[in-house]
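Some notes on the structure that comes next.
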Number of protein chains: 2
Amino acid sequence: MSEPTRFDLPSNRIPTAWQNLLPVMAQAGVPPLPPLHPGTREPVTPDLLAPLFPEALILQEVSTDEWIDVPGEVLDVYRLWRPSPLHRATRLERALDTPARIYFKYEGVSPAGSHKPNTAVAQAFYNKQVGVRRISTETGAGQWGSSLAMACSFFDLECLVFMVKASYEQKPYRRIFMETFGAEVRPSPTSTTNAGKSILEAHPDSTGSLGIAISEAIEIAATDGDTNYSIGSCLNHVLLHQSVIGLEAKEQMEVAGEVPDVVVGCVGGGSNYGGLAYPFMAGRLRGETPDMRFLATEPAACPTLTKGRFAYDFGDTAQLTPLLPMYTLGHDFVPAPVHAGGLRYHGDSPSLSLLVRSGHMEAAAYTQNEVFEAAVLFAKAQGIVPAPESAHAIRGAINEAIAAREAGRERVILIGLSGHGHFDMQAYDDYLNGRLPEVEFDPADQEAALAGLPDVPIA
Amino acid sequence: MSEPTRFDLPSNRIPTAWQNLLPVMAQAGVPPLPPLHPGTREPVTPDLLAPLFPEALILQEVSTDEWIDVPGEVLDVYRLWRPSPLHRATRLERALDTPARIYFKYEGVSPAGSHKPNTAVAQAFYNKQVGVRRISTETGAGQWGSSLAMACSFFDLECLVFMVKASYEQKPYRRIFMETFGAEVRPSPTSTTNAGKSILEAHPDSTGSLGIAISEAIEIAATDGDTNYSIGSCLNHVLLHQSVIGLEAKEQMEVAGEVPDVVVGCVGGGSNYGGLAYPFMAGRLRGETPDMRFLATEPAACPTLTKGRFAYDFGDTAQLTPLLPMYTLGHDFVPAPVHAGGLRYHGDSPSLSLLVRSGHMEAAAYTQNEVFEAAVLFAKAQGIVPAPESAHAIRGAINEAIAAREAGRERVILIGLSGHGHFDMQAYDDYLNGRLPEVEFDPADQEAALAGLPDVPIA
């Protein structure tokens, strides 16, 4: 009998409450900053959000409770794939010849192939509860749109997805996946919204961006009485729902008899990494595990955490969202078309931004080829072909494992593997054939984009 | 707390021995018929297979032992995804308003996305053990080639895949998946083998077939000293390795407190369905569960079990394989290009053929649109987008569930869900947009193909 490499929880051990890190941050002297009204620049009141979200989600967005019950109907759906597995990557360890012990929490087992259904299902449930007919949203790489399409099908809701046009054209399989669940998918920018029209007037050939698609989806929800808006990352209630990842992983690491030295994940808006990291971060903030390290990874082409500015900025291009206090490259910034479409976002979760700013979390950026080198190494060792987004976390973990080897010291590394790359094989083809451009961030772009930041001082 | 819908085994409960149904069949009066030498037409002796397979696999092919130990090295790899989950499809039951209870055993959780790695890993291990440098094989839909490519990467073997040209062109993601694991993929027919050359001379525009690709892969193995051949279905040792599916499912059904009334699967060569069904079939053959039903499903465009002849025939087009006693549409038959590429094979596993012929197993054939209707219904209810092949099993199960509703009686249905459809989304697009032709089997094709059958009487 070999050493165990998989640490499953029994199927009845799904977390029955989500963990909210915000009150823990406040107690630890890192209180969250309020989002501001885009017009008045006063702290946002719940009524501003009411046209977009059901009350339950608005209350979760501003909740100061640490624990919030998961509704039974949501648990019933979680049971389709949760608890997700936690593996020890012993084959990767051997390939790296490292004394580090590497674990990964794998969210690619969800039917939509990523962590995104954890919040999509909850959001669809709460919207259904208040009688909404349709949900509109945006999607970049397609992971989020796929998940919301599935969740809407489960709760008998219509689903309208604005898919960044570049992805719509490059990833037809993602579009078809959403349509299989009955969703309507439009290539953004469209002429079906004012936000889309004004972009198309200025840039008829625009291939879109996440910021534009968000503007379109919000506009539809704001103007159509029985359509609500749903967002896949960034906001507090989204990261709250994703805490099931970390809550399970904590219990699974205990089963493995380990405490991670470093927790590594990839960050686009922050929902996957926040979901994994925050239940562990609570231990750090409370002084129980003060030395546990947290490493957020991102693409060098869209280095929000490593080269952005901590400032109040809009979440979308058309400036429809509240001003969020976060690391940002500017809401006008259009990241280069790297394959990790889910990480091509100018901003980041405010809570995660604050953890980086306050020194509780580190951040690192990698270029495409070093990311795909890590992805292929992981696939050959562990079998799983990771999503380009998730491969950033693998790159970070491999660097940690190499550092452990060079230092000749053990290190326990926990990776958040947010999804598989089955819909991203073109990226692998490009990498294997040396066609992957080494896209670097252009500081001139940053300057131009940051010049458009609203002038709102951070308190 | 809702009723449980998922019946996981602890991660240390992977079967440590494979179950061989052949001795059980012999005891039950259904003894297997011997394969015959293609030249002499005498029963094949192991030395004929020695240029293609390592001795361990040849011994398994002819073994009369019911239980064969799984090597530790193979178990270590199985642990990357096994035990695979067994779910109760309560949401599908509700959608069908049926008193039937529907369970499915899901093999799509393997890194390659199907059941195929269960035997690919074992075959790669035994080949590595005897110092083989390279394995050659064929692949149609790409599930098998993907799995062998992964397994070869795990055991540091080279892998050469002859991929049916039609699939090579239609499914680039499958090719890239194999290349990610380091495999060499050639569109078959190629000019790199005599079998391929002679096909190309006669049909320069040939888009290939599984029978042709098998000929090419075998020729390479037979003529290259340190290359062996590997097959993904049909033969005894392949179905043997797949018995882990049914052994786990039996234990999981016991955890669920259920005994299936009917076990449903899809059959191309028979490895996935044999893997699930045989451990249950042993109970039927021994008289423990004499009324348990078994339903093999197949495409109406390639209806081997429902419209083929039980006869001795070659497994490949170039007549390189031994003569196998099986249901066949003739080794010259080229099935219409339905999307379930993994089910487009003229023959079937000899043991499974014998079970159908002796009345222990039923068979049914479905057209593409009824199969995809079932697939979309399943996806909307359970979230998983099934492979077109697996969707045949779902169609069969849904028909059983509807029959139960009409009869007003309970029925326990167990589905073998062999894989996901992430690389088959084009088929879904065609279905959703009404572009899926209702391909029917042409009896004239059958007559022509059967005319080429070798004249060897069945004992």
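Quick note on naming: the chains in the structure tokens go A, B, ... in the order shown, residues restart at 1 in each chain, and ligands are numbered from 1 in order of appearance.
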Residues of chain A within 8 Å of chain B, counting only C-alpha atoms, what are they? List them as a PyMOL selection string.
chain A and resi 1-2+4-8+10-12+72+76+79-80+87+109+111-112+150+153-154+173+176-177+180-181+376+379-385+422-423+425-426+428-429+432
Might you pull out every residue within 9 Å of stretch 206-215 of chain A, with only C-alpha atoms counted and same-chain residues fewer than 3 positions away left off, and present them as a ChimeraX atom specification?
-> /A:137-140,161-167,187-190,193,195-196,199-200,202-203,218-220,231,315-321,331-335,344-346
Selected residues, N, CA and C atoms, written as a short mmCIF file (atom, residue, chain, number, x, y, z; two decimals), in the first residue's frame, please.
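As a result, result06.cif now contains:
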```cif
data_model
loop_
_atom_site.label_atom_id
_atom_site.label_comp_id
_atom_site.auth_asym_id
_atom_site.auth_seq_id
_atom_site.Cartn_x
_atom_site.Cartn_y
_atom_site.Cartn_z
N THR A 137 -25.30 38.55 -17.83
CA THR A 137 -23.94 38.58 -17.31
C THR A 137 -22.96 38.72 -18.46
N GLU A 138 -21.67 38.84 -18.10
CA GLU A 138 -20.59 38.90 -19.09
C GLU A 138 -19.75 37.63 -18.94
N THR A 139 -18.99 37.31 -19.96
CA THR A 139 -17.99 36.27 -19.78
C THR A 139 -16.82 36.54 -20.70
N GLY A 140 -15.63 36.22 -20.20
CA GLY A 140 -14.42 36.41 -21.00
C GLY A 140 -14.01 35.07 -21.58
N VAL A 161 -25.89 36.01 -21.96
CA VAL A 161 -24.45 36.17 -21.73
C VAL A 161 -23.84 37.07 -22.79
N PHE A 162 -23.20 38.15 -22.35
CA PHE A 162 -22.39 38.96 -23.25
C PHE A 162 -20.96 38.41 -23.22
N MET A 163 -20.57 37.78 -24.32
CA MET A 163 -19.27 37.12 -24.37
C MET A 163 -18.31 38.01 -25.16
N VAL A 164 -17.18 38.33 -24.56
CA VAL A 164 -16.17 39.14 -25.23
C VAL A 164 -15.96 38.60 -26.65
N LYS A 165 -16.09 39.49 -27.64
CA LYS A 165 -16.16 39.02 -29.03
C LYS A 165 -14.94 38.19 -29.42
N ALA A 166 -13.77 38.59 -28.95
CA ALA A 166 -12.56 37.83 -29.28
C ALA A 166 -12.71 36.37 -28.84
N SER A 167 -13.25 36.17 -27.64
CA SER A 167 -13.45 34.80 -27.14
C SER A 167 -14.56 34.09 -27.91
N PRO A 187 -22.10 38.19 -28.93
CA PRO A 187 -20.70 38.66 -28.98
C PRO A 187 -20.62 40.15 -28.65
N SER A 188 -19.90 40.49 -27.60
CA SER A 188 -19.83 41.87 -27.12
C SER A 188 -18.57 42.56 -27.63
N PRO A 189 -18.64 43.83 -28.07
CA PRO A 189 -19.77 44.74 -28.01
C PRO A 189 -20.86 44.41 -29.03
N THR A 190 -22.13 44.60 -28.58
CA THR A 190 -23.28 44.38 -29.44
C THR A 190 -23.95 45.72 -29.73
N THR A 193 -27.21 47.29 -26.82
CA THR A 193 -27.16 48.16 -25.65
C THR A 193 -26.55 49.49 -26.07
N ALA A 195 -24.30 51.05 -24.27
CA ALA A 195 -22.87 50.92 -24.00
C ALA A 195 -22.17 50.27 -25.20
N GLY A 196 -22.77 49.20 -25.70
CA GLY A 196 -22.18 48.52 -26.85
C GLY A 196 -22.15 49.40 -28.09
N ILE A 199 -19.44 52.05 -28.06
CA ILE A 199 -18.12 51.46 -28.34
C ILE A 199 -17.99 51.19 -29.84
N LEU A 200 -19.05 50.61 -30.42
CA LEU A 200 -18.98 50.25 -31.85
C LEU A 200 -18.87 51.48 -32.74
N ALA A 202 -17.27 54.24 -31.94
CA ALA A 202 -15.89 54.71 -31.85
C ALA A 202 -14.92 53.68 -32.43
N HIS A 203 -15.22 52.40 -32.22
CA HIS A 203 -14.31 51.32 -32.67
C HIS A 203 -15.13 50.22 -33.32
N ILE A 218 -24.90 44.95 -17.36
CA ILE A 218 -25.52 45.79 -16.32
C ILE A 218 -26.62 46.65 -16.92
N GLU A 219 -26.35 47.20 -18.10
CA GLU A 219 -27.35 48.07 -18.72
C GLU A 219 -28.67 47.32 -18.95
N ILE A 220 -28.57 46.10 -19.44
CA ILE A 220 -29.78 45.30 -19.68
C ILE A 220 -30.53 45.09 -18.36
N ILE A 231 -22.60 38.63 -11.39
CA ILE A 231 -21.17 38.84 -11.63
C ILE A 231 -20.40 37.63 -11.11
N GLY A 315 -15.57 49.35 -12.09
CA GLY A 315 -15.40 47.96 -12.46
C GLY A 315 -15.61 47.71 -13.94
N ASP A 316 -16.16 48.70 -14.65
CA ASP A 316 -16.48 48.50 -16.07
C ASP A 316 -16.07 49.70 -16.88
N THR A 317 -16.09 49.54 -18.18
CA THR A 317 -15.63 50.58 -19.09
C THR A 317 -16.57 51.77 -19.14
N ALA A 318 -17.89 51.50 -19.12
CA ALA A 318 -18.86 52.58 -19.26
C ALA A 318 -19.14 53.31 -17.94
N GLN A 319 -18.39 52.96 -16.90
CA GLN A 319 -18.50 53.65 -15.61
C GLN A 319 -19.88 53.53 -14.99
N LEU A 320 -20.49 52.36 -15.12
CA LEU A 320 -21.81 52.13 -14.54
C LEU A 320 -21.73 51.60 -13.12
N THR A 321 -20.61 50.97 -12.75
CA THR A 321 -20.53 50.33 -11.44
C THR A 321 -20.16 51.36 -10.37
N HIS A 331 -9.83 51.57 -15.70
CA HIS A 331 -10.97 50.90 -16.32
C HIS A 331 -10.95 50.98 -17.84
N ASP A 332 -10.06 51.82 -18.41
CA ASP A 332 -9.93 51.89 -19.86
C ASP A 332 -8.88 50.91 -20.39
N PHE A 333 -8.17 50.27 -19.51
CA PHE A 333 -7.07 49.40 -19.93
C PHE A 333 -7.63 48.14 -20.61
N VAL A 334 -7.16 47.86 -21.81
CA VAL A 334 -7.54 46.63 -22.50
C VAL A 334 -6.31 45.73 -22.57
N PRO A 335 -6.32 44.68 -21.76
CA PRO A 335 -5.13 43.82 -21.69
C PRO A 335 -4.88 43.12 -23.03
N ARG A 344 -7.78 38.44 -17.56
CA ARG A 344 -7.62 39.71 -18.29
C ARG A 344 -8.62 40.73 -17.76
N TYR A 345 -8.41 41.22 -16.58
CA TYR A 345 -9.33 42.18 -16.00
C TYR A 345 -8.51 43.30 -15.35
N HIS A 346 -8.96 44.52 -15.56
CA HIS A 346 -8.13 45.65 -15.11
C HIS A 346 -8.09 45.80 -13.60
#
```
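Residues surrounding stretch 400-415 of chain B within 7 Å are Thr98, Pro99, Ala100, Arg101, Ile102, Tyr103, Phe104, Lys105, Pro260, Asp261, Val262, Val263, Val264, Gly265, Ala393 and Ile394 of chain B [only C-alpha atoms; sequence separation below 5 positions excluded].
For the atom pair formed by atom CA of A:Pro337 and atom CA of A:Gly396, the distance is 21.3 Å, given to one decimal.
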Need the shell around B:Pro325: protein/DNA/RNA residues with any atom at most 8 Å away, counting only C-alpha atoms. Skip same-chain ones fewer than 5 positions apart. Format as a PyMOL selection string? chain B and resi 33-35+310-313+350+458
Restrict the selected residues to N, CA and C atoms and save them as a CSV table (one decimal), in the first residue's frame.
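Below is the file out-v1.csv, written as the result:
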```csv
chain,number,residue,atom,x,y,z
B,33,LEU,N,-15.4,-18.7,-27.5
B,33,LEU,CA,-14.8,-19.4,-28.6
B,33,LEU,C,-13.4,-18.9,-28.9
B,34,PRO,N,-12.5,-19.7,-29.4
B,34,PRO,CA,-11.1,-19.3,-29.6
B,34,PRO,C,-11.0,-18.3,-30.8
B,35,PRO,N,-10.1,-17.3,-30.7
B,35,PRO,CA,-9.7,-16.6,-31.9
B,35,PRO,C,-8.9,-17.5,-32.8
B,310,PHE,N,-23.3,-12.8,-36.3
B,310,PHE,CA,-22.3,-13.5,-35.4
B,310,PHE,C,-21.5,-14.4,-36.3
B,311,ALA,N,-20.2,-14.0,-36.4
B,311,ALA,CA,-19.3,-14.8,-37.4
B,311,ALA,C,-17.9,-14.5,-37.0
B,312,TYR,N,-17.0,-15.3,-37.6
B,312,TYR,CA,-15.6,-15.1,-37.5
B,312,TYR,C,-15.2,-13.9,-38.4
B,313,ASP,N,-14.5,-12.9,-38.0
B,313,ASP,CA,-14.1,-11.8,-38.9
B,313,ASP,C,-12.9,-11.2,-38.3
B,350,PRO,N,-15.7,-10.2,-28.5
B,350,PRO,CA,-16.2,-11.5,-28.6
B,350,PRO,C,-17.0,-12.0,-27.4
B,458,ILE,N,-18.9,-21.1,-37.3
B,458,ILE,CA,-18.8,-21.0,-35.9
B,458,ILE,C,-19.0,-22.4,-35.3
```
**Message:** I need the residues in stretch 176-290 of chain A that are helix (DSSP H, G or I) according to DSSP; give them as a VMD selection string.
**Reply:** chain A and resid 176 to 180 194 to 202 210 to 223 236 to 256 271 to 285
Would you kindly return, as JSON, numbers by chain, each protein, DNA or RNA residue with an atom no farther than 12 Å from any atom of A:Gly29, considering only C-alpha atoms and excluding same-chain residues fewer than 4 positions away? {"A": [22, 23, 24, 25, 33, 285, 286, 354, 355, 358, 360]}
### Residue contacts of B:Asp226 (9 Å, only C-alpha atoms) excluding same-chain residues fewer than 5 positions away, as number ranges by chain
B: 131-135, 221
Go ahead and save the residues from that selection, with all heavy atoms, as an mmCIF file, in the first residue's frame.
```
data_model
loop_
_atom_site.group_PDB
_atom_site.id
_atom_site.type_symbol
_atom_site.label_atom_id
_atom_site.label_comp_id
_atom_site.auth_asym_id
_atom_site.auth_seq_id
_atom_site.Cartn_x
_atom_site.Cartn_y
_atom_site.Cartn_z
ATOM 1 N N GLY B 131 10.634 -3.426 -21.242
ATOM 2 C CA GLY B 131 11.638 -2.627 -21.935
ATOM 3 C C GLY B 131 11.252 -2.122 -23.318
ATOM 4 O O GLY B 131 12.130 -1.738 -24.098
ATOM 5 N N VAL B 132 9.969 -2.113 -23.614
ATOM 6 C CA VAL B 132 9.536 -1.565 -24.904
ATOM 7 C C VAL B 132 9.832 -0.064 -24.929
ATOM 8 O O VAL B 132 9.761 0.607 -23.904
ATOM 9 C CB VAL B 132 8.020 -1.830 -25.090
ATOM 10 C CG1 VAL B 132 7.441 -0.956 -26.184
ATOM 11 C CG2 VAL B 132 7.795 -3.304 -25.369
ATOM 12 N N ARG B 133 10.200 0.459 -26.103
ATOM 13 C CA ARG B 133 10.505 1.892 -26.211
ATOM 14 C C ARG B 133 9.271 2.694 -26.586
ATOM 15 O O ARG B 133 9.060 3.801 -26.122
ATOM 16 C CB ARG B 133 11.579 2.101 -27.297
ATOM 17 C CG ARG B 133 11.899 3.582 -27.604
ATOM 18 C CD ARG B 133 12.959 3.705 -28.696
ATOM 19 N NE ARG B 133 12.520 3.156 -29.977
ATOM 20 C CZ ARG B 133 11.838 3.851 -30.900
ATOM 21 N NH1 ARG B 133 11.509 5.114 -30.680
ATOM 22 N NH2 ARG B 133 11.484 3.284 -32.039
ATOM 23 N N ARG B 134 8.419 2.087 -27.428
ATOM 24 C CA ARG B 134 7.326 2.862 -28.019
ATOM 25 C C ARG B 134 6.077 1.995 -28.153
ATOM 26 O O ARG B 134 6.187 0.780 -28.362
ATOM 27 C CB ARG B 134 7.748 3.359 -29.410
ATOM 28 C CG ARG B 134 6.722 4.226 -30.091
ATOM 29 C CD ARG B 134 7.293 4.862 -31.348
ATOM 30 N NE ARG B 134 7.488 3.870 -32.414
ATOM 31 C CZ ARG B 134 7.632 4.190 -33.705
ATOM 32 N NH1 ARG B 134 7.642 5.467 -34.079
ATOM 33 N NH2 ARG B 134 7.803 3.248 -34.605
ATOM 34 N N ILE B 135 4.912 2.627 -28.049
ATOM 35 C CA ILE B 135 3.649 1.931 -28.291
ATOM 36 C C ILE B 135 2.951 2.615 -29.458
ATOM 37 O O ILE B 135 2.888 3.854 -29.509
ATOM 38 C CB ILE B 135 2.739 1.954 -27.041
ATOM 39 C CG1 ILE B 135 3.433 1.257 -25.869
ATOM 40 C CG2 ILE B 135 1.409 1.276 -27.334
ATOM 41 C CD1 ILE B 135 2.571 1.181 -24.606
ATOM 42 N N ALA B 221 4.029 -1.967 -35.312
ATOM 43 C CA ALA B 221 4.478 -2.769 -34.174
ATOM 44 C C ALA B 221 5.090 -4.085 -34.637
ATOM 45 O O ALA B 221 6.088 -4.561 -34.076
ATOM 46 C CB ALA B 221 3.305 -3.034 -33.235
#
```
### Message
Need the shell around A:Val74: protein/DNA/RNA residues with any atom at most 12 Å away, counting only C-alpha atoms. Skip same-chain ones fewer than 6 positions apart. Format as JSON, numbers by chain?
### Response
{"A": [14, 15, 16, 17, 18, 80, 82, 117, 118, 119, 120, 121, 122, 123, 124, 125, 126, 128, 129, 151, 154, 155, 241, 244], "B": [1, 2]}
Please produce a file of those selected residues containing N, CA, C and O atoms, as a compact mmCIF listing (two decimals), in the first residue's frame.
```
# COMPACT_ATOMS: atom_id res chain seq x y z
N ILE A 14 -20.01 18.50 2.93
CA ILE A 14 -19.95 19.78 2.24
C ILE A 14 -20.19 20.86 3.29
O ILE A 14 -21.06 20.70 4.16
N PRO A 15 -19.41 21.95 3.25
CA PRO A 15 -19.67 23.02 4.22
C PRO A 15 -21.12 23.49 4.14
O PRO A 15 -21.64 23.70 3.04
N THR A 16 -21.74 23.66 5.28
CA THR A 16 -23.14 24.10 5.28
C THR A 16 -23.27 25.59 5.59
O THR A 16 -24.37 26.12 5.64
N ALA A 17 -22.13 26.25 5.80
CA ALA A 17 -22.13 27.71 5.93
C ALA A 17 -20.92 28.26 5.18
O ALA A 17 -19.87 27.62 5.12
N TRP A 18 -21.11 29.43 4.55
CA TRP A 18 -19.99 30.11 3.91
C TRP A 18 -19.28 30.97 4.96
O TRP A 18 -19.91 31.47 5.90
N LEU A 80 -23.78 17.65 -6.56
CA LEU A 80 -23.50 17.05 -7.87
C LEU A 80 -22.00 16.86 -8.09
O LEU A 80 -21.58 16.02 -8.87
N ARG A 82 -19.49 18.33 -5.32
CA ARG A 82 -18.74 18.62 -4.11
C ARG A 82 -18.90 17.49 -3.09
O ARG A 82 -19.92 16.80 -3.15
N PRO A 117 -19.18 27.53 -10.71
CA PRO A 117 -20.54 27.16 -10.28
C PRO A 117 -20.80 27.37 -8.79
O PRO A 117 -21.96 27.49 -8.39
N ASN A 118 -19.75 27.41 -7.96
CA ASN A 118 -19.99 27.59 -6.52
C ASN A 118 -20.81 28.84 -6.24
O ASN A 118 -21.67 28.85 -5.35
N THR A 119 -20.54 29.89 -6.98
CA THR A 119 -21.33 31.11 -6.78
C THR A 119 -22.48 31.22 -7.78
O THR A 119 -23.54 31.76 -7.46
N ALA A 120 -22.31 30.67 -8.98
CA ALA A 120 -23.39 30.76 -9.98
C ALA A 120 -24.66 30.11 -9.44
O ALA A 120 -25.76 30.65 -9.59
N VAL A 121 -24.51 28.97 -8.80
CA VAL A 121 -25.67 28.25 -8.28
C VAL A 121 -26.34 29.06 -7.17
O VAL A 121 -27.57 29.20 -7.14
N ALA A 122 -25.54 29.64 -6.29
CA ALA A 122 -26.12 30.44 -5.21
C ALA A 122 -26.83 31.67 -5.78
O ALA A 122 -27.96 32.00 -5.38
N GLN A 123 -26.20 32.33 -6.73
CA GLN A 123 -26.81 33.54 -7.29
C GLN A 123 -28.11 33.21 -8.04
O GLN A 123 -29.10 33.93 -7.94
N ALA A 124 -28.09 32.13 -8.79
CA ALA A 124 -29.31 31.74 -9.50
C ALA A 124 -30.42 31.42 -8.50
O ALA A 124 -31.57 31.84 -8.67
N PHE A 125 -30.07 30.71 -7.43
CA PHE A 125 -31.08 30.38 -6.42
C PHE A 125 -31.73 31.63 -5.84
O PHE A 125 -32.96 31.74 -5.78
N TYR A 126 -30.91 32.59 -5.39
CA TYR A 126 -31.48 33.79 -4.75
C TYR A 126 -32.31 34.61 -5.74
O TYR A 126 -33.29 35.26 -5.37
N LYS A 128 -33.98 33.33 -8.34
CA LYS A 128 -35.21 32.59 -8.55
C LYS A 128 -36.18 32.85 -7.40
O LYS A 128 -37.39 33.03 -7.61
N GLN A 129 -35.61 32.90 -6.20
CA GLN A 129 -36.41 33.08 -4.98
C GLN A 129 -37.27 34.36 -5.06
O GLN A 129 -38.38 34.38 -4.53
N ALA A 151 -26.30 26.93 -14.06
CA ALA A 151 -27.07 27.23 -12.84
C ALA A 151 -28.47 27.73 -13.19
O ALA A 151 -29.46 27.35 -12.54
N PHE A 154 -30.64 24.90 -14.05
CA PHE A 154 -31.07 24.15 -12.86
C PHE A 154 -32.27 24.82 -12.19
O PHE A 154 -33.13 24.14 -11.62
N PHE A 155 -32.29 26.17 -12.18
CA PHE A 155 -33.35 26.86 -11.46
C PHE A 155 -34.39 27.46 -12.42
O PHE A 155 -35.15 28.34 -12.04
N HIS A 241 -19.28 33.01 -1.45
CA HIS A 241 -19.76 31.70 -1.91
C HIS A 241 -18.60 30.75 -2.23
O HIS A 241 -18.70 29.54 -2.06
N VAL A 244 -16.41 27.83 0.09
CA VAL A 244 -16.52 26.37 0.22
C VAL A 244 -15.23 25.68 -0.21
O VAL A 244 -14.89 24.61 0.32
N MET B 1 -31.42 17.89 5.89
CA MET B 1 -30.49 17.05 5.10
C MET B 1 -31.29 16.28 4.06
O MET B 1 -32.21 15.53 4.39
N SER B 2 -30.95 16.49 2.80
CA SER B 2 -31.62 15.76 1.73
C SER B 2 -31.12 14.32 1.66
O SER B 2 -30.10 13.97 2.26
```
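Each of A:Cys159, A:Leu86, A:Leu295, A:Ala364 was compared to A:Glu248 using only C-alpha atoms, and A:Leu86 turns out to be the nearest.
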Give the strand (DSSP E) residues of stretch 107-255 of chain B, as DSSP finds them on the backbone, and put them as a list in words. Arg134, Ile135, Ser136, Thr137, Glu138, Thr139, Glu158, Cys159, Leu160, Val161, Phe162, Met163, Val164, Glu184, Val185, Arg186, Pro187, Ser188, Thr227, Asn228 and Tyr229 of chain B
Could those selected residues go to a file with C-alpha atoms, as a PDB file, in the first residue's frame?
```
ATOM      1  CA  ARG B 134       7.326   2.862 -28.019  1.00  0.00           C
ATOM      2  CA  ILE B 135       3.649   1.931 -28.291  1.00  0.00           C
ATOM      3  CA  SER B 136       1.631   2.367 -31.463  1.00  0.00           C
ATOM      4  CA  THR B 137      -2.130   2.514 -31.557  1.00  0.00           C
ATOM      5  CA  GLU B 138      -5.162   3.804 -33.425  1.00  0.00           C
ATOM      6  CA  THR B 139      -7.802   6.246 -32.312  1.00  0.00           C
ATOM      7  CA  GLU B 158       6.970   7.025 -26.647  1.00  0.00           C
ATOM      8  CA  CYS B 159       3.502   6.935 -28.149  1.00  0.00           C
ATOM      9  CA  LEU B 160       2.522   6.863 -31.826  1.00  0.00           C
ATOM     10  CA  VAL B 161      -1.155   7.357 -32.617  1.00  0.00           C
ATOM     11  CA  PHE B 162      -2.816   6.740 -35.984  1.00  0.00           C
ATOM     12  CA  MET B 163      -5.851   8.985 -35.789  1.00  0.00           C
ATOM     13  CA  VAL B 164      -8.685   8.456 -38.272  1.00  0.00           C
ATOM     14  CA  GLU B 184       3.117  11.712 -32.145  1.00  0.00           C
ATOM     15  CA  VAL B 185      -0.205  11.817 -33.987  1.00  0.00           C
ATOM     16  CA  ARG B 186      -0.549  10.885 -37.673  1.00  0.00           C
ATOM     17  CA  PRO B 187      -3.727  11.280 -39.759  1.00  0.00           C
ATOM     18  CA  SER B 188      -4.629   7.800 -41.030  1.00  0.00           C
ATOM     19  CA  THR B 227       7.509  -0.892 -30.727  1.00  0.00           C
ATOM     20  CA  ASN B 228       4.514  -2.760 -29.364  1.00  0.00           C
ATOM     21  CA  TYR B 229       0.859  -2.396 -30.260  1.00  0.00           C
TER      22      TYR B 229
END
```
